[in-house]
file upload_6.txt (compact mmCIF, C-alpha atoms)
# COMPACT_ATOMS: atom_id res chain seq x y z
CA MET G 1 19.64 -10.92 -6.80
CA SER G 2 21.56 -11.70 -3.65
CA THR G 3 19.92 -13.39 -0.69
CA LYS G 4 18.61 -11.36 2.16
CA ASP G 5 21.61 -12.35 4.28
CA ASN G 6 23.95 -10.32 2.14
CA TRP G 7 21.77 -7.45 1.03
CA PRO G 8 23.92 -4.35 1.40
CA THR G 9 22.97 -1.56 3.77
CA TRP G 10 22.06 1.94 2.61
CA GLU G 11 22.29 5.11 4.65
CA VAL G 12 19.08 7.11 4.59
CA PHE G 13 18.92 10.91 4.63
CA THR G 14 15.58 12.64 4.94
CA GLN G 15 14.65 16.23 4.27
CA GLN G 16 11.89 17.46 6.55
CA LYS G 17 10.82 20.43 4.47
CA ASN G 18 11.83 22.18 1.28
CA GLY G 19 15.06 24.08 1.72
CA ALA G 20 16.03 22.24 4.91
CA PRO G 21 19.17 20.10 4.86
CA HIS G 22 18.93 16.34 4.44
CA GLU G 23 19.66 14.71 7.77
CA HIS G 24 20.77 11.20 8.53
CA ALA G 25 17.78 9.14 9.60
CA GLY G 26 19.25 5.64 9.84
CA ASN G 27 19.84 2.76 7.46
CA VAL G 28 17.99 0.02 5.60
CA HIS G 29 18.84 -3.26 3.91
CA ALA G 30 17.95 -3.51 0.23
CA PRO G 31 19.10 -5.40 -2.86
CA ASP G 32 19.45 -2.25 -4.98
CA ALA G 33 18.97 1.52 -5.00
CA GLU G 34 15.30 1.62 -6.04
CA MET G 35 14.30 -0.88 -3.35
CA ALA G 36 16.44 1.01 -0.85
CA LEU G 37 14.44 4.14 -1.66
CA LEU G 38 11.13 2.33 -1.17
CA ASN G 39 12.32 0.72 2.06
CA ALA G 40 13.59 4.07 3.32
CA ARG G 41 10.21 5.61 2.57
CA ASP G 42 8.43 2.86 4.52
CA VAL G 43 10.79 2.90 7.47
CA TYR G 44 11.63 6.60 7.81
CA GLY G 45 9.01 8.48 5.78
CA ARG G 46 5.68 6.78 6.35
CA ARG G 47 4.47 9.30 8.93
CA GLN G 48 5.12 12.29 6.71
CA GLU G 49 8.51 12.94 8.26
CA ALA G 50 10.04 13.74 4.91
CA VAL G 51 9.49 15.61 1.67
CA ASN G 52 12.58 14.10 0.04
CA ILE G 53 14.80 11.11 0.69
CA TRP G 54 18.36 10.22 -0.31
CA VAL G 55 19.78 6.74 -0.06
CA VAL G 56 23.52 6.16 -0.27
CA PRO G 57 25.33 2.81 -0.21
CA SER G 58 26.87 2.56 3.26
CA VAL G 59 30.20 1.50 1.70
CA ALA G 60 30.33 4.89 -0.07
CA ILE G 61 30.63 6.69 3.27
CA THR G 62 34.12 7.47 4.50
CA ALA G 63 34.03 8.20 8.21
CA SER G 64 36.52 9.64 10.65
CA THR G 65 37.61 7.26 13.39
CA PRO G 66 37.53 7.76 17.17
CA GLU G 67 41.34 8.10 17.04
CA ASP G 68 40.90 11.11 14.77
CA MET G 69 38.97 12.92 17.47
CA GLY G 70 41.89 14.83 18.99
CA PRO G 71 43.57 16.11 15.84
CA PHE G 72 40.28 16.65 14.02
CA PHE G 73 38.16 18.44 16.54
CA GLU G 74 40.02 19.68 19.60
CA PRO G 75 41.94 22.51 17.92
CA GLY G 76 38.61 24.36 17.84
CA ASN G 77 38.35 24.41 21.64
CA ASP G 78 40.53 27.37 22.52
CA LYS G 79 40.02 29.62 19.55
CA MET G 80 36.97 31.69 20.27
CA TYR G 81 37.69 33.85 17.26
CA ARG G 82 36.56 30.99 15.03
CA TRP G 83 33.03 31.54 16.32
CA PRO G 84 30.88 34.37 15.02
CA ASN G 85 29.74 35.07 18.61
CA TYR G 86 30.30 38.81 18.54
CA TYR G 87 27.97 39.64 15.70
CA LYS G 88 24.59 41.03 16.63
CA THR G 89 21.68 39.06 15.17
CA PRO G 90 18.85 41.21 13.77
CA GLU G 91 15.62 40.81 15.68
CA GLY G 92 13.03 38.40 14.36
CA ILE G 93 15.47 36.21 12.44
CA LYS G 94 14.57 32.61 13.07
CA GLN G 95 16.91 30.67 10.80
CA ILE G 96 20.56 31.64 10.50
CA MET E 1 -32.27 1.64 -8.59
CA GLU E 2 -32.53 4.40 -6.02
CA THR E 3 -29.26 6.32 -5.95
CA ASN E 4 -28.68 6.14 -2.20
CA ILE E 5 -29.20 2.37 -2.07
CA ALA E 6 -26.90 1.84 -5.04
CA LEU E 7 -24.28 4.21 -3.67
CA HIS E 8 -24.37 2.48 -0.29
CA LYS E 9 -23.66 -0.88 -1.92
CA TYR E 10 -20.99 0.65 -4.15
CA CYS E 11 -19.16 2.05 -1.12
CA VAL E 12 -19.41 -1.19 0.84
CA ARG E 13 -17.88 -3.09 -2.09
CA ILE E 14 -14.90 -0.76 -2.23
CA ALA E 15 -14.54 -0.69 1.56
CA ASP E 16 -14.78 -4.48 1.92
CA THR E 17 -12.12 -5.02 -0.73
CA SER E 18 -9.76 -2.60 1.01
CA LEU E 19 -10.48 -3.99 4.49
CA ILE E 20 -9.99 -7.66 3.60
CA LEU E 21 -6.72 -6.92 1.81
CA ALA E 22 -5.67 -4.82 4.81
CA GLN E 23 -6.27 -7.78 7.10
CA ARG E 24 -4.13 -9.98 4.85
CA MET E 25 -1.30 -7.43 4.65
CA CYS E 26 -1.31 -6.94 8.42
CA GLU E 27 -1.03 -10.71 8.92
CA TRP E 28 2.57 -10.20 7.84
CA CYS E 29 3.25 -8.00 10.86
CA GLY E 30 6.09 -9.68 12.73
CA HIS E 31 6.51 -12.30 9.98
CA GLY E 32 8.00 -10.28 7.11
CA PRO E 33 10.95 -11.74 5.18
CA VAL E 34 13.04 -8.73 6.23
CA LEU E 35 12.34 -5.96 8.72
CA GLU E 36 11.90 -3.35 5.99
CA GLU E 37 9.25 -5.38 4.14
CA ASP E 38 7.51 -6.24 7.38
CA ILE E 39 7.04 -2.53 8.00
CA ALA E 40 6.13 -1.87 4.37
CA MET E 41 3.37 -4.48 4.27
CA SER E 42 1.81 -3.50 7.59
CA ASN E 43 2.05 0.11 6.52
CA MET E 44 0.20 -0.60 3.28
CA GLY E 45 -2.34 -2.53 5.33
CA LEU E 46 -2.93 0.59 7.39
CA ASP E 47 -3.40 2.66 4.23
CA LEU E 48 -6.07 0.19 3.16
CA ILE E 49 -7.80 0.32 6.54
CA GLY E 50 -7.91 4.09 6.14
CA GLN E 51 -9.56 3.71 2.75
CA SER E 52 -12.14 1.26 4.08
CA ARG E 53 -12.97 3.51 7.03
CA GLY E 54 -13.76 6.39 4.72
CA PHE E 55 -16.04 4.35 2.50
CA TYR E 56 -17.73 2.54 5.43
CA SER E 57 -18.45 5.83 7.17
CA TYR E 58 -20.03 7.21 4.03
CA ALA E 59 -22.01 3.98 3.53
CA ALA E 60 -23.26 4.18 7.12
CA LYS E 61 -24.33 7.77 6.58
CA LEU E 62 -26.17 6.94 3.36
CA GLU E 63 -27.91 4.05 5.07
CA GLY E 64 -29.12 6.35 7.86
CA LYS E 65 -29.79 3.57 10.38
CA GLY E 66 -27.36 4.81 12.98
CA ARG E 67 -24.80 2.09 12.29
CA THR E 68 -21.11 2.95 12.48
CA GLU E 69 -18.20 1.94 10.30
CA ASP E 70 -17.29 -0.68 12.93
CA ASP E 71 -20.79 -2.18 12.89
CA ILE E 72 -20.52 -2.69 9.15
CA ALA E 73 -17.01 -4.10 9.30
CA TYR E 74 -17.38 -6.42 12.27
CA PHE E 75 -20.98 -7.55 12.43
CA ARG E 76 -21.62 -9.02 9.02
CA ASN E 77 -21.07 -12.62 7.89
CA GLU E 78 -19.14 -13.83 4.88
CA ARG E 79 -22.08 -13.92 2.48
CA GLU E 80 -22.68 -10.25 3.29
CA PHE E 81 -19.13 -9.24 2.41
CA LEU E 82 -18.86 -7.77 -1.07
CA ASN E 83 -15.11 -7.75 -1.63
CA ARG E 84 -13.43 -9.05 -4.77
CA CYS E 85 -12.26 -12.60 -4.08
CA ILE E 86 -8.64 -11.98 -5.00
CA VAL E 87 -8.01 -10.02 -1.81
CA GLU E 88 -9.20 -12.81 0.51
CA GLN E 89 -6.70 -15.30 -0.93
CA PRO E 90 -4.13 -16.35 1.69
CA ASN E 91 -0.70 -14.73 1.83
CA THR E 92 0.95 -18.10 1.03
CA ASP E 93 4.40 -16.57 0.51
CA PHE E 94 5.95 -13.22 -0.29
CA ALA E 95 5.70 -13.69 -4.07
CA TYR E 96 2.03 -14.58 -3.77
CA THR E 97 1.37 -11.55 -1.59
CA MET E 98 3.11 -9.21 -4.01
CA MET E 99 1.28 -10.69 -7.02
CA ARG E 100 -2.07 -10.30 -5.27
CA SER E 101 -1.28 -6.67 -4.39
CA PHE E 102 -0.09 -6.04 -7.93
CA LEU E 103 -3.07 -7.48 -9.82
CA HIS E 104 -5.60 -5.85 -7.52
CA GLY E 105 -3.57 -2.68 -7.00
CA CYS E 106 -3.32 -1.80 -10.69
CA LEU E 107 -7.09 -1.88 -11.01
CA SER E 108 -7.66 -0.10 -7.72
CA TYR E 109 -5.26 2.62 -8.84
CA LEU E 110 -7.10 3.08 -12.15
CA GLN E 111 -10.47 3.02 -10.42
CA PHE E 112 -9.57 5.73 -7.90
CA ARG E 113 -7.92 7.77 -10.63
CA THR E 114 -11.28 7.83 -12.40
CA LEU E 115 -13.33 8.34 -9.24
CA VAL E 116 -11.37 11.49 -8.42
CA ASN E 117 -13.72 13.07 -11.00
CA SER E 118 -16.88 11.51 -9.56
CA LYS E 119 -19.90 13.80 -9.40
CA ASP E 120 -20.28 12.69 -5.79
CA ASP E 121 -18.00 14.97 -3.77
CA THR E 122 -17.41 12.47 -0.96
CA ILE E 123 -16.42 9.71 -3.38
CA ALA E 124 -14.13 12.14 -5.20
CA GLY E 125 -12.50 13.26 -1.95
CA LEU E 126 -11.97 9.75 -0.58
CA SER E 127 -10.57 8.68 -3.95
CA GLU E 128 -8.07 11.49 -4.08
CA LYS E 129 -6.45 10.28 -0.89
CA ALA E 130 -6.64 6.61 -1.87
CA LEU E 131 -5.13 7.33 -5.28
CA LYS E 132 -1.87 8.53 -3.73
CA GLU E 133 -1.69 5.42 -1.59
CA MET E 134 -2.41 3.05 -4.45
CA THR E 135 0.19 4.77 -6.63
CA TYR E 136 2.77 3.76 -4.05
CA HIS E 137 1.38 0.24 -3.51
CA VAL E 138 1.55 -0.45 -7.25
CA ARG E 139 5.08 0.89 -7.47
CA HIS E 140 6.19 -1.27 -4.55
CA ALA E 141 4.52 -4.43 -5.86
CA SER E 142 5.73 -3.81 -9.45
CA GLU E 143 9.34 -3.49 -8.35
CA TRP E 144 9.07 -6.76 -6.47
CA ILE E 145 7.36 -8.64 -9.32
CA ILE E 146 10.20 -7.57 -11.61
CA ARG E 147 12.90 -8.58 -9.14
CA LEU E 148 11.30 -11.90 -8.26
CA GLY E 149 10.47 -12.77 -11.87
CA ASP E 150 13.88 -11.79 -13.18
CA GLY E 151 15.70 -13.07 -10.08
CA THR E 152 16.76 -16.60 -9.19
CA ASP E 153 15.14 -19.81 -10.47
CA VAL E 154 13.41 -20.20 -7.12
CA SER E 155 12.02 -16.67 -7.02
CA HIS E 156 10.89 -16.93 -10.65
CA ASP E 157 9.05 -20.19 -9.98
CA LYS E 158 7.33 -18.78 -6.92
CA VAL E 159 6.08 -15.63 -8.60
CA LYS E 160 5.03 -17.62 -11.69
CA ASP E 161 3.06 -19.98 -9.44
CA ALA E 162 1.41 -17.02 -7.76
CA LEU E 163 0.41 -15.51 -11.11
CA GLU E 164 -1.02 -18.77 -12.40
CA ASN E 165 -3.02 -19.35 -9.23
CA LEU E 166 -4.31 -15.82 -8.86
CA TRP E 167 -5.15 -15.29 -12.51
CA GLN E 168 -8.57 -16.94 -12.02
CA PHE E 169 -9.61 -13.95 -9.91
CA THR E 170 -8.72 -11.25 -12.42
CA ASP E 171 -11.89 -11.13 -14.56
CA GLU E 172 -13.80 -10.64 -11.35
CA LEU E 173 -11.95 -7.39 -10.73
CA PHE E 174 -13.92 -5.92 -13.63
CA GLU E 175 -17.31 -7.40 -12.76
CA MET E 176 -20.19 -4.90 -12.64
CA ASP E 177 -23.98 -5.02 -12.25
CA ASP E 178 -26.97 -2.67 -12.07
CA VAL E 179 -25.46 -0.93 -9.02
CA ASP E 180 -22.56 0.22 -11.17
CA GLN E 181 -24.67 0.90 -14.23
CA SER E 182 -27.11 3.18 -12.45
CA LEU E 183 -24.27 5.15 -10.83
CA ILE E 184 -22.27 5.34 -14.05
CA LYS E 185 -25.28 7.01 -15.66
CA SER E 186 -25.31 9.69 -13.01
CA GLY E 187 -21.55 10.25 -13.30
CA ILE E 188 -20.82 8.92 -9.81
CA ALA E 189 -19.30 5.50 -10.44
CA CYS E 190 -16.51 4.35 -12.69
CA ASP E 191 -17.06 2.11 -15.72
CA LEU E 192 -14.55 -0.66 -15.04
CA SER E 193 -14.80 -2.02 -18.58
CA LEU E 194 -13.14 1.17 -19.82
CA LEU E 195 -10.12 0.46 -17.59
CA ARG E 196 -9.37 -2.99 -18.92
CA ALA E 197 -7.07 -1.90 -21.76
CA GLU E 198 -4.93 0.25 -19.50
CA TRP E 199 -4.82 -2.45 -16.82
CA ASP E 200 -3.66 -4.93 -19.47
CA GLN E 201 -0.94 -2.52 -20.52
CA MET E 202 0.20 -1.93 -16.94
CA ILE E 203 0.56 -5.59 -16.11
CA ASN E 204 2.01 -6.53 -19.51
CA GLU E 205 4.81 -4.00 -19.10
CA VAL E 206 5.76 -5.34 -15.70
CA PHE E 207 5.48 -8.97 -16.80
CA ALA E 208 7.76 -8.28 -19.78
CA LYS E 209 10.43 -6.90 -17.44
CA ALA E 210 9.84 -9.76 -15.00
CA LYS E 211 10.12 -12.38 -17.78
CA LEU E 212 6.71 -13.72 -16.85
CA GLU E 213 4.20 -15.04 -19.31
CA ARG E 214 0.67 -13.88 -18.92
CA PRO E 215 -1.72 -16.84 -18.51
CA VAL E 216 -4.25 -17.36 -21.28
CA GLY E 217 -7.77 -18.69 -20.77
CA GLY E 218 -8.59 -21.03 -17.90
CA TYR E 219 -11.31 -20.95 -15.26
CA GLN E 220 -12.43 -17.55 -13.97
CA SER E 221 -14.08 -17.16 -10.59
CA LYS E 222 -17.03 -14.75 -10.28
CA GLY E 223 -19.34 -13.20 -7.78
CA GLY E 224 -17.31 -11.93 -4.81
CA PHE E 225 -18.92 -8.53 -5.11
CA ASN E 226 -22.31 -10.14 -4.54
CA GLY E 227 -21.25 -12.28 -1.60
CA THR E 228 -20.05 -15.49 -3.24
CA HIS E 229 -16.64 -16.19 -1.78
CA THR E 230 -13.88 -18.75 -1.64
CA GLU E 231 -13.44 -20.87 1.48
CA HIS E 232 -10.76 -18.51 2.82
CA LEU E 233 -12.98 -15.57 3.73
CA GLY E 234 -14.80 -17.24 6.62
CA HIS E 235 -11.53 -18.08 8.35
CA LEU E 236 -10.24 -14.57 7.84
CA LEU E 237 -13.42 -13.06 9.32
CA SER E 238 -13.38 -15.38 12.33
CA GLU E 239 -10.01 -13.95 13.27
CA MET E 240 -10.74 -10.35 12.28
CA GLN E 241 -14.15 -10.17 13.96
CA TYR E 242 -13.42 -12.24 17.06
CA LEU E 243 -12.83 -9.43 19.49
CA PRO E 244 -15.79 -7.16 18.72
CA ARG E 245 -18.08 -10.18 18.58
CA ALA E 246 -16.86 -11.65 21.87
CA TYR E 247 -16.77 -8.25 23.58
CA PRO E 248 -19.24 -6.02 21.71
CA ASP E 249 -18.74 -3.16 24.16
CA ALA E 250 -14.95 -3.16 23.94
CA ILE E 251 -13.46 0.26 23.30
CA TRP E 252 -9.89 1.49 22.90
call {"tool": "encode", "arguments": {"input": "upload_6.txt", "output": "structure tokens"}}
result
Amino acid sequence: MSTKDNWPTWEVFTQQKNGAPHEHAGNVHAPDAEMALLNARDVYGRRQEAVNIWVVPSVAITASTPEDMGPFFEPGNDKMYRWPNYYKTPEGIKQI
Amino acid sequence: METNIALHKYCVRIADTSLILAQRMCEWCGHGPVLEEDIAMSNMGLDLIGQSRGFYSYAAKLEGKGRTEDDIAYFRNEREFLNRCIVEQPNTDFAYTMMRSFLHGCLSYLQFRTLVNSKDDTIAGLSEKALKEMTYHVRHASEWIIRLGDGTDVSHDKVKDALENLWQFTDELFEMDDVDQSLIKSGIACDLSLLRAEWDQMINEVFAKAKLERPVGGYQSKGGFNGTHTEHLGHLLSEMQYLPRAYPDAIW
């Protein structure tokens, strides 16, 4: 086992109820996956915030960079037709 | 023995064991080896406080003298505490703390798993909640025993030391007397002697993975559940009970 100084970090995703998406909750240090799961439960799930937890090694995440912001996201700004704004939502629908 | 008197004592024994271990686990708050374990240990301490509250409240009700759970927890002296001695042992280090939680937790888990079927509805209800908590505590402690035992030379030595020192308090986990016997007859209490084989199996499996040898023979301490304690309990109580004893009217 490595020492606590070089325990890897794990990204924690919690699901708040069945059927809901897993959402990023934060991260934990842990020597391996099983301990990461237990740590995640104690840090992010101890007050019944979750019904399911994923842990993923932080190094497995590939992220976009701030420099990517323009090319990645701005082209969406001026194209309203990409948004389904003109559909009518049936009454009483809560989740869509 | 009259059922209510026996049941009162039975509840206090369970509650005291949970409360004293809770106090020990919460001593780690702010001192954990890593942030995540600091939270984990305090969190398990809070689970144990929850268990003790349930059993103290029921004990107070059975007693019928108008005392509250706090009166029972904070206004008794060490010879009146009926916890198993293993839980009052000092934290010492992380390996020691995990070994203490593991040895006690396996039995506590098995005990609550049996008490879920108690003929006393309150005991059954309290046990159902506690069982879920102990399932997690045992899992957490087991994983650590395995990693420490099968880790570095230093971690192996520390967890081996902990096992050899704490082993003397393991027979006591199974100690019973006429309180237990009378309640076992009425289907309320749990016969701890029937849990020994499964407890042995639980710890043997983890020790095999952790490359730890189970101690054989040696001195065994007795009597915590009748008020005979090690020197550590008095110090623990002086800290735990200070505030309500100095300021008996203090409220949140």
call {"tool": "interface_residues", "arguments": {"input": "upload_6.txt", "of": "chain G", "to": "chain E", "cutoff": "8 Å", "atoms": "all atoms listed in the file", "output": "PyMOL selection string"}}
result
chain G and resi 1+4+28-29+35+38-39+42-43+46
call {"tool": "atom_distance", "arguments": {"input": "upload_6.txt", "atom1": "atom CA of E:Asp120", "atom2": "atom CA of G:Arg47"}}
result
29.0 Å
call {"tool": "residues_around", "arguments": {"input": "upload_6.txt", "residues": "stretch 159-175 of chain E", "least_positions_apart": "5", "cutoff": "6 Å", "atoms": "all atoms listed in the file", "output": "PyMOL selection string"}}
result
chain E and resi 86+95-96+192+219-222
call {"tool": "closest_residue", "arguments": {"input": "upload_6.txt", "among": "G:Glu34, G:Ala50, G:Pro90, G:Ser58", "to": "G:Asn18", "atoms": "only C-alpha atoms"}}
result
G:Ala50
call {"tool": "atom_distance", "arguments": {"input": "upload_6.txt", "atom1": "atom CA of E:Gly234", "atom2": "atom CA of E:Cys11"}}
result
21.2 Å
call {"tool": "atom_distance", "arguments": {"input": "upload_6.txt", "atom1": "atom CA of E:Glu78", "atom2": "atom CA of E:Cys106"}}
result
25.2 Å
call {"tool": "residues_around", "arguments": {"input": "upload_6.txt", "residues": "G:Tyr44", "least_positions_apart": "5", "cutoff": "12 Å", "atoms": "all atoms listed in the file", "output": "ChimeraX atom specification"}}
result
/G:11-16,23-28,36-39,49-55 /E:36,39-40,43
call {"tool": "residues_near_point", "arguments": {"input": "upload_6.txt", "point": "(-12.9, -0.2, 6.6)", "cutoff": "9 Å", "atoms": "only C-alpha atoms", "output": "PyMOL selection string"}}
result
chain E and resi 12+15-20+22+48-57+69-70+72-73
call {"tool": "residues_around", "arguments": {"input": "upload_6.txt", "residues": "E:Glu231", "least_positions_apart": "5", "cutoff": "10 Å", "atoms": "all atoms listed in the file", "output": "list in words"}}
result
Glu78, Glu88, Gln89 and Leu236 of chain E
call {"tool": "closest_residue", "arguments": {"input": "upload_6.txt", "among": "G:Pro31, G:Pro57, G:Gly45, G:Pro66", "to": "G:Asn6", "atoms": "only C-alpha atoms"}}
result
G:Pro31
call {"tool": "residues_around", "arguments": {"input": "upload_6.txt", "residues": "stretch 97-102 of chain E", "least_positions_apart": "6", "cutoff": "6 Å", "atoms": "all atoms listed in the file", "output": "list in words"}}
result
Asn91, Val138 and Ala141 of chain E
call {"tool": "residues_around", "arguments": {"input": "upload_6.txt", "residues": "stretch 242-248 of chain E", "least_positions_apart": "5", "cutoff": "9 Å", "atoms": "all atoms listed in the file", "output": "VMD selection string"}}
result
chain E and resid 70 74 to 75 237
call {"tool": "decode", "arguments": {"input": "upload_6.txt", "residues": "stretch 43-74 of chain G", "atoms": "C-alpha atoms", "output": "tab-separated table (two decimals), in the first residue's frame"}}
result
chain	number	residue	atom	x	y	z
G	43	VAL	CA	-18.04	11.76	3.00
G	44	TYR	CA	-20.89	12.16	0.50
G	45	GLY	CA	-23.52	9.60	1.45
G	46	ARG	CA	-23.74	9.51	5.22
G	47	ARG	CA	-26.83	11.71	5.43
G	48	GLN	CA	-28.83	9.60	3.02
G	49	GLU	CA	-27.94	11.80	0.06
G	50	ALA	CA	-27.48	8.81	-2.19
G	51	VAL	CA	-28.96	5.48	-3.19
G	52	ASN	CA	-25.95	4.57	-5.34
G	53	ILE	CA	-22.37	5.74	-5.63
G	54	TRP	CA	-19.75	5.52	-8.38
G	55	VAL	CA	-16.08	6.15	-7.81
G	56	VAL	CA	-13.74	6.74	-10.73
G	57	PRO	CA	-9.97	7.25	-10.60
G	58	SER	CA	-9.44	10.97	-11.20
G	59	VAL	CA	-6.72	10.16	-13.76
G	60	ALA	CA	-9.37	8.38	-15.86
G	61	ILE	CA	-11.21	11.65	-16.46
G	62	THR	CA	-10.35	13.56	-19.62
G	63	ALA	CA	-11.48	17.14	-19.29
G	64	SER	CA	-11.84	20.01	-21.72
G	65	THR	CA	-9.59	22.98	-21.00
G	66	PRO	CA	-10.54	26.65	-20.55
G	67	GLU	CA	-8.98	27.30	-23.98
G	68	ASP	CA	-11.51	24.90	-25.49
G	69	MET	CA	-14.35	27.10	-24.30
G	70	GLY	CA	-14.78	29.14	-27.48
G	71	PRO	CA	-14.69	26.37	-30.07
G	72	PHE	CA	-16.51	23.90	-27.84
G	73	PHE	CA	-19.41	25.88	-26.52
G	74	GLU	CA	-19.96	29.22	-28.22
